[in-house]
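Below is one structure, written out as structure tokens; the observations come after it.
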Amino acid sequence: MQYWLIKSEPFKYSWEKFQEEGKTIWDGVRNYAARNNLRSMKKGDLAFWYHSNEGMEIVGIAKVTKESYQDPTTDNPAWLVVEFKPFKKLKKPVSLSLLKNDPRLTNMDLIRLGRLSVQSVKEAEWNIVMEYANL
């Protein structure tokens, strides 16, 4: 299993809306590095759900339910989507400021590549975030 982090602005598509709908297609990605991460996702992989711009915190975990395929919002075959379902809401959201202050996470993509919307997460990083979330 691999681990990921996906970003969503809560005023556009919040964790609560995702839970209410029960599934989503992660579309509209137009960055090659983020697209490559989508392409690498496998069914069953887990992804932190990060609220960007507002809150700036990890609030939940999504599970990949369908691997990458052509993004239906464009005719350009370069762009892909992945399908997710809610897996678990974090008991305690984990803020970006908390993660930035942990020296063990200096190399985490969220810290190094802050603008990237779909990121990989190493297992050790995943476990640290889970500790902060009390899971």
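In the structure tokens, chains take letters A, B, ... by order of appearance, with residues numbered from 1 within each chain and ligands from 1 in the order shown.
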
| message | Using only C-alpha atoms, which protein or nucleic acid residues come within 10 Å of Phe11 of chain A? Drop anything in the same chain fewer than 6 positions from it, and give the result as a PyMOL selection string. | response | chain A and resi 17+51-54

| request: For Trp79 of chain A, please output as a ChimeraX atom specification all residues within 9 Å (counting only C-alpha atoms; exclusion window: fewer than 4 positions along the same chain). | output: /A:27-32,35,69-72,74-75

| task | Name the closest residue to Lys88 of chain A among the candidates A:Met1, A:Ala133, A:Met41, A:Ala34; distances are taken between atoms, counting only C-alpha atoms. | result |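 Checking each of A:Met1, A:Ala133, A:Met41, A:Ala34 against Lys88 of chain A, counting only C-alpha atoms, the winner is A:Ala133.
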
| Shortest interatomic distance to Ser117 of chain A - which of A:Ser8, A:Asn134, A:Asp102, A:Ile61, counting only C-alpha atoms |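 The answer is A:Ser8, which sits nearest to Ser117 of chain A.
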
| task | Rounded to one decimal place, report the atom CA of Ala78 of chain A-atom CA of Tyr50 of chain A distance in Å. | result |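 Pair atom CA of Ala78 of chain A / atom CA of Tyr50 of chain A returns 24.8 Å.
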
| query | Among segment 5-36 of chain A, which residues carry a DSSP assignment of helix (DSSP H, G or I), reported as a list in words? | reply |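 Answer for segment 5-36 of chain A restricted to helix (DSSP H, G or I) is Trp15, Glu16, Lys17, Phe18, Gln19, Glu20, Glu21, Tyr32, Ala33, Ala34, Arg35 and Asn36 of chain A.
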
What would the file look like if the residues just selected were written as a PDB file, in the first residue's frame with C-alpha atoms?
ATOM      1  CA  TRP A  15     -14.357  16.878   3.889  1.00  0.00           C
ATOM      2  CA  GLU A  16     -17.929  17.211   5.196  1.00  0.00           C
ATOM      3  CA  LYS A  17     -19.315  17.458   1.650  1.00  0.00           C
ATOM      4  CA  PHE A  18     -17.185  14.459   0.635  1.00  0.00           C
ATOM      5  CA  GLN A  19     -18.579  12.412   3.536  1.00  0.00           C
ATOM      6  CA  GLU A  20     -22.115  13.489   2.678  1.00  0.00           C
ATOM      7  CA  GLU A  21     -21.704  12.397  -0.955  1.00  0.00           C
ATOM      8  CA  TYR A  32       2.185  17.062 -14.329  1.00  0.00           C
ATOM      9  CA  ALA A  33       3.722  16.062 -10.984  1.00  0.00           C
ATOM     10  CA  ALA A  34       0.258  15.809  -9.389  1.00  0.00           C
ATOM     11  CA  ARG A  35      -0.987  13.881 -12.443  1.00  0.00           C
ATOM     12  CA  ASN A  36       1.905  11.438 -12.131  1.00  0.00           C
TER      13      ASN A  36
END

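Our summary of the geometry notes that atom CA of Glu9 of chain A is positioned 13.6 Å from atom CA of Gly60 of chain A.
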